[in-house]
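Structure data (compact mmCIF, C-alpha atoms) from model37.txt:
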```
# COMPACT_ATOMS: atom_id res chain seq x y z
CA MET A 91 17.52 -8.46 -12.48
CA ARG A 92 17.10 -4.71 -12.54
CA ILE A 93 15.32 -3.06 -9.62
CA ILE A 94 14.27 0.53 -9.07
CA ILE A 95 13.84 1.65 -5.48
CA VAL A 96 12.14 4.93 -4.64
CA GLY A 97 12.69 6.12 -1.11
CA GLY A 98 15.41 6.54 1.45
CA GLY A 99 16.67 5.86 4.89
CA LYS A 100 18.52 2.90 6.30
CA VAL A 101 16.21 0.30 4.79
CA VAL A 102 16.86 1.47 1.26
CA TYR A 103 20.59 1.74 1.91
CA HIS A 104 20.80 -1.84 3.20
CA LEU A 105 18.51 -3.16 0.47
CA ALA A 106 20.78 -1.54 -2.10
CA LYS A 107 23.86 -3.17 -0.58
CA ASN A 108 22.10 -6.49 -0.34
CA PHE A 109 20.76 -6.51 -3.88
CA THR A 110 23.98 -5.31 -5.49
CA ALA A 111 25.88 -7.99 -3.57
CA LYS A 112 23.60 -10.53 -5.23
CA GLY A 113 24.47 -9.06 -8.59
CA TYR A 114 21.24 -7.19 -9.20
CA GLU A 115 21.33 -3.84 -10.91
CA VAL A 116 19.88 -1.30 -8.52
CA VAL A 117 18.71 2.23 -9.27
CA ILE A 118 17.56 4.41 -6.40
CA ILE A 119 15.52 7.58 -6.79
CA ASN A 120 15.55 10.00 -3.87
CA LYS A 121 14.88 13.72 -3.52
CA ASP A 122 17.80 14.32 -1.15
CA LYS A 123 21.10 15.18 -2.86
CA ASP A 124 23.30 14.28 0.11
CA TYR A 125 21.61 10.91 0.49
CA CYS A 126 22.19 10.18 -3.20
CA LYS A 127 25.86 11.11 -2.90
CA MET A 128 26.21 8.79 0.08
CA LEU A 129 24.65 5.92 -1.88
CA ASP A 130 26.96 6.60 -4.79
CA ARG A 131 29.98 6.41 -2.48
CA LYS A 132 28.96 3.47 -0.34
CA THR A 133 26.97 1.16 -2.61
CA ASN A 134 27.27 -0.11 -6.13
CA SER A 135 23.90 1.24 -7.07
CA LEU A 136 23.03 4.17 -9.27
CA ALA A 137 21.42 7.01 -7.35
CA ILE A 138 19.23 9.54 -9.14
CA CYS A 139 18.29 12.71 -7.34
CA GLY A 140 14.65 13.53 -8.04
CA ASP A 141 10.98 12.83 -7.46
CA GLY A 142 10.23 9.20 -8.29
CA SER A 143 6.59 10.00 -8.97
CA GLN A 144 7.59 12.14 -11.95
CA PRO A 145 7.94 10.24 -15.23
CA GLU A 146 11.17 12.03 -16.18
CA TYR A 147 13.08 10.44 -13.30
CA LEU A 148 11.76 7.00 -14.12
CA ILE A 149 12.93 7.56 -17.69
CA GLN A 150 16.37 8.48 -16.31
CA ALA A 151 16.30 5.29 -14.27
CA GLU A 152 15.59 3.39 -17.53
CA ALA A 153 12.37 2.09 -16.08
CA ARG A 154 11.50 0.29 -19.32
CA LYS A 155 14.30 -2.15 -18.66
CA ALA A 156 13.43 -2.68 -15.00
CA ASP A 157 12.02 -5.95 -13.71
CA ALA A 158 10.61 -4.57 -10.48
CA ILE A 159 9.95 -1.33 -8.68
CA LEU A 160 9.83 -0.79 -4.92
CA ALA A 161 8.04 2.27 -3.58
CA LEU A 162 9.29 2.67 -0.04
CA THR A 163 8.61 6.28 0.85
CA ASP A 164 6.73 7.16 4.03
CA ASN A 165 3.96 8.76 2.00
CA ASP A 166 1.22 6.37 0.87
CA PRO A 167 -0.21 8.43 -2.02
CA ASP A 168 3.33 8.77 -3.42
CA ASN A 169 3.91 5.03 -3.19
CA LEU A 170 0.64 4.26 -4.96
CA PHE A 171 1.37 6.78 -7.67
CA ILE A 172 4.87 5.46 -8.27
CA CYS A 173 3.65 1.88 -8.66
CA GLN A 174 0.80 2.82 -10.98
CA LEU A 175 3.02 5.03 -13.09
CA ALA A 176 5.57 2.24 -13.36
CA GLN A 177 2.88 -0.17 -14.52
CA LYS A 178 0.98 2.10 -16.88
CA GLU A 179 3.77 4.07 -18.43
CA PHE A 180 6.75 1.75 -18.22
CA GLY A 181 5.21 -1.71 -18.18
CA ILE A 182 6.83 -2.86 -14.95
CA SER A 183 4.54 -5.60 -13.72
CA GLN A 184 6.22 -6.34 -10.41
CA THR A 185 5.36 -3.47 -8.11
CA PHE A 186 6.02 -3.39 -4.39
CA ALA A 187 4.80 -0.71 -2.02
CA VAL A 188 4.96 -0.03 1.66
CA VAL A 189 1.71 1.15 3.19
CA ASN A 190 2.12 3.29 6.27
CA ASN A 191 -1.59 3.51 7.01
CA PRO A 192 -2.80 -0.09 7.39
CA ASP A 193 -6.22 0.80 5.94
CA ASN A 194 -4.53 1.41 2.61
CA GLU A 195 -3.55 -2.21 2.08
CA GLU A 196 -6.93 -3.16 0.60
CA ILE A 197 -7.10 0.04 -1.42
CA PHE A 198 -3.67 -0.45 -2.96
CA LYS A 199 -4.52 -4.04 -3.79
CA SER A 200 -7.75 -3.05 -5.54
CA LEU A 201 -5.88 -0.37 -7.46
CA GLY A 202 -3.37 -2.83 -8.85
CA VAL A 203 -0.26 -2.76 -6.69
CA GLU A 204 1.17 -6.26 -6.89
CA THR A 205 2.76 -6.73 -3.47
CA ILE A 206 2.11 -4.68 -0.37
CA PHE A 207 4.12 -4.46 2.83
CA ASN A 208 1.80 -3.41 5.57
CA THR A 209 4.42 -2.69 8.23
CA THR A 210 1.95 -2.00 11.02
CA LYS A 211 0.15 -5.25 10.36
CA LEU A 212 3.32 -7.28 9.96
CA ILE A 213 4.77 -6.07 13.24
CA SER A 214 1.56 -6.57 15.19
CA LEU A 215 1.22 -10.07 13.69
CA LEU A 216 4.76 -10.92 14.69
CA ILE A 217 4.06 -9.79 18.23
CA GLU A 218 0.80 -11.71 18.41
CA GLN A 219 2.44 -14.82 17.01
CA ARG A 220 5.21 -14.75 19.58
CA VAL A 221 3.70 -17.35 21.79
CA GLU A 222 5.05 -17.70 25.31
CA VAL A 223 5.50 -21.47 25.14
CA SER A 224 9.08 -22.35 24.36
CA ASP A 225 8.03 -25.59 22.59
CA VAL A 226 6.68 -23.53 19.76
CA ASN A 227 8.86 -22.28 17.03
CA ASN A 228 7.48 -19.98 14.38
CA LEU A 229 9.35 -20.95 11.30
CA LEU A 230 7.90 -18.91 8.56
CA SER A 231 5.12 -16.56 7.70
CA ILE A 232 4.24 -16.36 4.03
CA GLU A 233 1.88 -14.38 1.82
CA GLU A 234 2.31 -11.27 3.99
CA GLY A 235 1.44 -13.16 7.12
CA ARG A 236 -1.70 -14.87 5.85
CA ILE A 237 -0.22 -18.34 6.34
CA SER A 238 2.08 -19.42 9.15
CA ILE A 239 4.30 -22.44 9.35
CA SER A 240 5.38 -23.40 12.83
CA GLN A 241 6.85 -26.28 14.72
CA VAL A 242 5.61 -27.64 18.03
CA VAL A 243 7.61 -30.08 20.14
CA LEU A 244 5.39 -32.55 21.97
CA ARG A 245 6.21 -32.54 25.72
CA PRO A 246 5.35 -35.34 28.17
CA THR A 247 2.42 -33.17 29.30
CA SER A 248 0.92 -32.95 25.84
CA PRO A 249 -2.61 -34.36 25.75
CA VAL A 250 -2.17 -35.75 22.24
CA LEU A 251 0.51 -38.35 23.06
CA GLY A 252 -0.52 -41.80 21.88
CA LYS A 253 -3.38 -40.46 19.83
CA THR A 254 -3.58 -40.76 16.08
CA VAL A 255 -3.91 -37.67 13.91
CA ARG A 256 -7.47 -38.72 13.10
CA GLU A 257 -8.42 -38.70 16.78
CA LEU A 258 -7.26 -35.16 17.38
CA ASP A 259 -9.86 -32.51 17.94
CA LEU A 260 -8.19 -29.93 15.72
CA PRO A 261 -9.88 -26.80 14.49
CA HIS A 262 -10.30 -26.40 10.73
CA ASP A 263 -7.71 -24.55 8.66
CA ILE A 264 -4.80 -26.47 10.19
CA VAL A 265 -2.65 -28.83 8.20
CA PHE A 266 -0.10 -31.23 9.62
CA GLY A 267 2.87 -30.77 7.33
CA CYS A 268 5.12 -33.43 8.76
CA VAL A 269 6.31 -35.07 11.96
CA ILE A 270 10.01 -35.18 12.73
CA ARG A 271 10.78 -38.14 14.97
CA ASN A 272 14.46 -38.50 15.92
CA GLU A 273 16.21 -38.53 12.55
CA ASN A 274 13.16 -39.50 10.55
CA VAL A 275 10.69 -37.37 8.73
CA LEU A 276 7.18 -38.77 8.56
CA ILE A 277 4.43 -37.46 6.39
CA PRO A 278 1.46 -37.91 8.71
CA HIS A 279 -1.66 -39.85 7.75
CA GLY A 280 -4.86 -40.17 9.71
CA ASP A 281 -3.45 -43.18 11.55
CA THR A 282 -0.04 -41.72 12.44
CA LYS A 283 0.40 -41.94 16.22
CA LEU A 284 1.95 -38.97 17.99
CA LEU A 285 4.74 -39.63 20.48
CA GLU A 286 6.66 -37.66 23.07
CA GLY A 287 9.46 -35.61 21.56
CA ASP A 288 7.89 -35.48 18.10
CA LYS A 289 8.39 -32.23 16.31
CA VAL A 290 5.14 -31.47 14.55
CA LEU A 291 5.19 -29.03 11.69
CA ILE A 292 1.88 -27.30 11.19
CA ILE A 293 0.56 -24.95 8.56
CA THR A 294 -2.20 -22.65 9.78
CA LEU A 295 -4.03 -19.43 9.29
CA PRO A 296 -2.49 -16.99 11.78
CA GLU A 297 -5.75 -16.58 13.67
CA LYS A 298 -6.00 -20.35 14.21
CA GLN A 299 -2.44 -20.75 15.38
CA GLY A 300 -3.22 -20.22 19.06
CA GLU A 301 -5.94 -22.90 18.96
CA ALA A 302 -3.62 -25.35 17.28
CA PHE A 303 -0.93 -24.79 19.90
CA SER A 304 -3.32 -25.30 22.78
CA VAL A 305 -4.57 -28.59 21.30
CA LEU A 306 -1.01 -29.84 20.88
CA SER A 307 0.51 -28.56 24.11
CA GLY A 308 -2.56 -28.70 26.33
CA GLU A 309 -1.89 -25.20 27.63
CA MET B 1433 -27.19 16.46 -5.71
CA TYR B 1434 -24.48 15.79 -3.18
CA ILE B 1435 -21.09 17.21 -4.09
CA LEU B 1436 -17.87 16.47 -2.26
CA VAL B 1437 -15.01 18.94 -2.63
CA ILE B 1438 -11.59 17.76 -1.45
CA GLY B 1439 -9.13 20.57 -0.81
CA CYS B 1440 -10.25 24.04 0.15
CA GLY B 1441 -7.59 26.16 -1.51
CA ARG B 1442 -8.38 28.91 -3.99
CA THR B 1443 -9.86 26.49 -6.52
CA GLY B 1444 -11.72 24.23 -4.13
CA SER B 1445 -13.22 27.04 -2.10
CA SER B 1446 -14.37 28.92 -5.22
CA ILE B 1447 -16.09 25.84 -6.61
CA ALA B 1448 -17.68 25.11 -3.25
CA ASN B 1449 -18.93 28.68 -2.97
CA LEU B 1450 -20.40 28.71 -6.48
CA LEU B 1451 -22.08 25.32 -6.19
CA SER B 1452 -23.50 26.14 -2.79
CA LYS B 1453 -24.92 29.36 -4.21
CA GLU B 1454 -26.58 27.26 -6.93
CA GLY B 1455 -28.40 25.41 -4.18
CA LYS B 1456 -26.35 22.18 -4.24
CA ASN B 1457 -25.43 20.16 -1.16
CA VAL B 1458 -21.71 20.64 -0.74
CA VAL B 1459 -19.28 19.13 1.72
CA VAL B 1460 -15.69 20.41 1.77
CA VAL B 1461 -12.76 18.51 3.24
CA ASP B 1462 -9.37 20.01 4.07
CA ARG B 1463 -6.51 19.05 6.37
CA ASP B 1464 -6.26 22.61 7.62
CA GLY B 1465 -9.27 24.08 9.40
CA GLU B 1466 -8.17 27.61 8.54
CA ALA B 1467 -8.65 26.85 4.85
CA PHE B 1468 -12.38 27.13 5.40
CA ASP B 1469 -11.94 30.87 5.96
CA ARG B 1470 -11.97 31.05 2.16
CA LEU B 1471 -15.60 29.95 2.06
CA SER B 1472 -18.04 32.81 1.61
CA ALA B 1473 -20.70 33.86 4.08
CA GLU B 1474 -23.34 32.42 1.72
CA PHE B 1475 -21.80 28.94 1.83
CA THR B 1476 -24.41 26.67 3.36
CA GLY B 1477 -22.63 23.30 3.15
CA PHE B 1478 -20.60 21.33 5.65
CA THR B 1479 -16.89 21.31 6.32
CA ILE B 1480 -14.74 18.45 7.60
CA VAL B 1481 -11.20 18.88 8.90
CA GLY B 1482 -9.17 15.81 8.01
CA ASP B 1483 -6.66 14.15 5.70
CA ALA B 1484 -8.65 12.81 2.75
CA THR B 1485 -6.03 10.15 2.04
CA GLU B 1486 -7.40 8.42 5.14
CA ILE B 1487 -10.34 6.29 4.17
CA GLU B 1488 -11.98 7.05 7.53
CA VAL B 1489 -12.17 10.72 6.59
CA LEU B 1490 -13.69 9.89 3.19
CA LYS B 1491 -16.25 7.67 4.86
CA GLU B 1492 -17.11 10.46 7.31
CA ALA B 1493 -17.60 12.71 4.28
CA LYS B 1494 -20.08 10.10 2.96
CA LEU B 1495 -18.17 9.15 -0.15
CA ASP B 1496 -20.66 6.31 -0.62
CA LYS B 1497 -23.51 8.82 -1.09
CA THR B 1498 -21.58 11.27 -3.23
CA ASP B 1499 -22.85 12.13 -6.73
CA VAL B 1500 -19.93 14.30 -7.75
CA ALA B 1501 -16.41 14.51 -6.33
CA VAL B 1502 -14.14 17.45 -7.08
CA ILE B 1503 -10.53 16.90 -6.03
CA THR B 1504 -8.30 19.93 -5.90
CA THR B 1505 -5.56 19.50 -3.30
CA ASN B 1506 -2.17 20.87 -4.25
CA ASP B 1507 -0.58 17.41 -4.41
CA ASP B 1508 -1.01 15.45 -7.66
CA ASN B 1509 -0.30 12.10 -6.03
CA VAL B 1510 -2.84 12.69 -3.28
CA ASN B 1511 -5.39 13.76 -5.91
CA ALA B 1512 -4.71 10.63 -7.96
CA MET B 1513 -5.22 8.37 -4.99
CA ILE B 1514 -8.47 9.98 -3.85
CA ALA B 1515 -9.81 10.20 -7.41
CA GLN B 1516 -9.27 6.48 -7.95
CA ILE B 1517 -10.82 5.57 -4.61
CA ALA B 1518 -13.87 7.66 -5.56
CA SER B 1519 -14.11 6.43 -9.14
CA LYS B 1520 -13.02 2.79 -8.98
CA LEU B 1521 -13.82 1.72 -5.46
CA TYR B 1522 -16.95 3.80 -4.85
CA ASN B 1523 -18.13 3.93 -8.48
CA ILE B 1524 -18.81 7.65 -8.44
CA SER B 1525 -19.51 8.45 -12.08
CA LYS B 1526 -18.46 12.08 -12.00
CA VAL B 1527 -15.03 12.53 -10.48
CA PHE B 1528 -13.19 15.71 -11.38
CA VAL B 1529 -9.54 16.11 -10.57
CA ARG B 1530 -7.11 18.95 -10.93
CA VAL B 1531 -3.79 17.93 -12.45
CA ILE B 1532 -0.95 20.30 -11.64
CA ASP B 1533 1.96 18.57 -13.41
CA PRO B 1534 0.92 17.75 -17.00
CA SER B 1535 3.38 14.86 -17.12
CA LYS B 1536 1.27 13.07 -14.52
CA GLU B 1537 -1.86 12.94 -16.70
CA VAL B 1538 -0.93 9.45 -17.86
CA ILE B 1539 -2.20 8.00 -14.60
CA TYR B 1540 -5.77 8.76 -15.68
CA GLU B 1541 -5.63 6.90 -19.00
CA ASN B 1542 -8.41 4.30 -19.28
CA THR B 1543 -10.32 5.69 -16.33
CA ASN B 1544 -13.59 7.63 -16.13
CA ILE B 1545 -11.95 10.34 -14.09
CA ILE B 1546 -12.31 13.79 -15.62
CA GLN B 1547 -9.05 15.72 -15.51
CA MET B 1548 -8.71 19.45 -15.43
CA ASN B 1549 -5.22 20.66 -16.19
CA PRO B 1550 -4.89 24.41 -15.48
CA THR B 1551 -1.52 24.66 -17.22
CA ASN B 1552 -2.80 23.07 -20.42
CA LEU B 1553 -6.00 25.14 -20.35
CA LEU B 1554 -4.02 28.34 -19.88
CA VAL B 1555 -1.47 27.48 -22.52
CA SER B 1556 -4.06 26.63 -25.15
CA GLU B 1557 -6.05 29.78 -24.34
CA PHE B 1558 -2.91 31.89 -24.64
CA LYS B 1559 -1.94 30.18 -27.85
CA ASP B 1560 -5.36 30.65 -29.43
CA ARG B 1561 -5.41 34.33 -28.55
CA ILE B 1562 -1.88 34.93 -29.70
CA ILE B 1563 -2.33 33.19 -33.02
CA SER B 1564 -5.86 34.35 -33.93
```
Rewritten as structure tokens:
Amino acid sequence: MRIIIVGGGKVVYHLAKNFTAKGYEVVIINKDKDYCKMLDRKTNSLAICGDGSQPEYLIQAEARKADAILALTDNDPDNLFICQLAQKEFGISQTFAVVNNPDNEEIFKSLGVETIFNTTKLISLLIEQRVEVSDVNNLLSIEEGRISISQVVLRPTSPVLGKTVRELDLPHDIVFGCVIRNENVLIPHGDTKLLEGDKVLIITLPEKQGEAFSVLSGE
Amino acid sequence: MYILVIGCGRTGSSIANLLSKEGKNVVVVDRDGEAFDRLSAEFTGFTIVGDATEIEVLKEAKLDKTDVAVITTNDDNVNAMIAQIASKLYNISKVFVRVIDPSKEVIYENTNIIQMNPTNLLVSEFKDRIIS
């Protein structure tokens, strides 16, 4: 795997270390000479000093051979340009960009950027999803936070104890993934009865998560 | 005809002045309010201070009602982003963009965006006059 990263700062430095440790070939393009020297010394990546939105530096980075490009600068128009240039001119289909202005997520998507990290949205989602109840464990958020997988432990106070899955008054857009009971994993059916201490794994849309928790915990 | 000019530098302000003089409705957007000092006394259009890479600013400038967009900021990447928003997302049929670095023209392949490349224009004019 050969990855080009355009941008700088701690994130890029740690990404470079991480990726090279996994055996990926990493090329970083950054305008700052000192930063490039530091990367050269401290990571196993190749640092190119230049403007990643100019084709000549992508040529230097052998963009034609790259599998993916990450545009991680703090300037949205630059990130868009880098991804589009990589696609159009160098045929890199996997393009990742950070958007600093959350409004740009939709725009980037419509203009062909493959994967978008909307940092503002991700952080606010994480905060909103941090539910106070300790019985809830957010396991995973996938597709940039559009789907959440979480685990709820059923306490003695839970109103769903003794009820079957079919009897629950659950909002739509919630799927029971599985129930972990002691050492056993059950794939729930409509007639699976819920018991105290069950760990229920649910898959939800983030906006429905709160509703799901209140049905299961009664709070 | 409603014309939106993004960037009020030497190029943008001159175009805005000329079009306004021709009786067109012109709105000019620039990040820097002082840039509007370049507009002539005869300019009758509107000005908006704001960063045109923010969709809110473009909406305020009524991108949805724009017939022609002229994009002349001094940053090629900013121009490319705004031009594509205007052309692809708002379906404005006449989008003109100034391209400063000729190597960045490739971004406009297979689009309806009309590029103006001052360097190329100048070079070909020079060449023609030198050779003829």
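If only C-alpha atoms are the atoms counted, then among A:Asn108, A:Ser307, A:Asn194, A:Thr282 the closest residue to chain B is A:Asn194.
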In Å, rounded to a single decimal, give me how far atom CA of B:Val1489 is from atom CA of A:Pro192.
14.3 Å
If the cut-off is 6 Å, can you tell me the residues of chain B near chain A, counting all atoms listed in the file? I'd like them as a ChimeraX atom specification.
/B:1509-1510,1513
One decimal, in Å: what's the spacing between atom CA of A:His262 and atom CA of A:Gln241?
17.6 Å
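Here atom CA of A:Val101 stands at a distance of 29.5 Å from atom CA of B:Asp1533.
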Which residue is closest to B:Leu1471? Choose from B:Val1538, B:Ile1524, B:Val1437, B:Ile1487 and count all atoms listed in the file.
B:Val1437
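Residues surrounding B:Leu1495 within 9 Å are Leu1436, Leu1490, Lys1491, Glu1492, Thr1498, Asp1499, Ala1501, Ala1518, Tyr1522 and Ile1524 of chain B [only C-alpha atoms; sequence separation below 3 positions excluded].
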Which residues, written as an MDAnalysis selection string, have at least one atom at most 7 Å from A:Gly252, with all atoms listed in the file counted and residues fewer than 3 positions away on the same chain left out?
chainID A and resid 283:285
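Compared by their closest atoms to B:Lys1497, and using only C-alpha atoms, the residues B:Ser1446, B:Thr1479, B:Asn1523, B:Ser1535 rank with B:Asn1523 nearest.
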What lies within 6 Å of B:Gly1477 using all atoms listed in the file, ignoring chain neighbours under 2 positions off, as a PyMOL selection string?
chain B and resi 1458-1459+1475
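Among B:Asn1552, B:Cys1440, B:Lys1494, B:Thr1476, the residue with the shortest atom-to-atom distance to B:Ser1452, counting only C-alpha atoms, is B:Thr1476.
Counting all atoms listed in the file and comparing B:Leu1521, B:Thr1543, B:Ser1564, B:Lys1526, the residue that lies closest to A:Lys199 is B:Leu1521.
By all atoms listed in the file, and with residues fewer than 6 positions from B:Arg1470 along its chain excluded, the set lying at most 10 Å from it is Cys1440, Gly1441, Arg1442, Gly1444, Ser1445, Ser1446, Ala1448 and Asn1449 of chain B.
Residues with any atom within 12 Å of A:Leu260, counting only C-alpha atoms and excluding same-chain neighbours fewer than 5 positions away, are A:Val250, A:Thr254, A:Val255, A:Val265, A:Phe266, A:Ile292, A:Thr294, A:Lys298, A:Gln299, A:Gly300, A:Glu301, A:Ala302, A:Phe303, A:Ser304, A:Val305, A:Leu306.
Using all atoms listed in the file, the smallest distance between any of A:Val189, A:Leu162, A:Gln150, A:Ile293 and A:Tyr103 comes from A:Leu162.
Around the point (17.4, -1.6, -15.6), within 10 Å and counting all atoms listed in the file, we find these residues: Met91, Arg92, Ile93, Ile94, Tyr114, Glu115, Val116, Val117, Ala151, Glu152, Ala153, Arg154, Lys155, Ala156, Asp157 and Ala158 of chain A.
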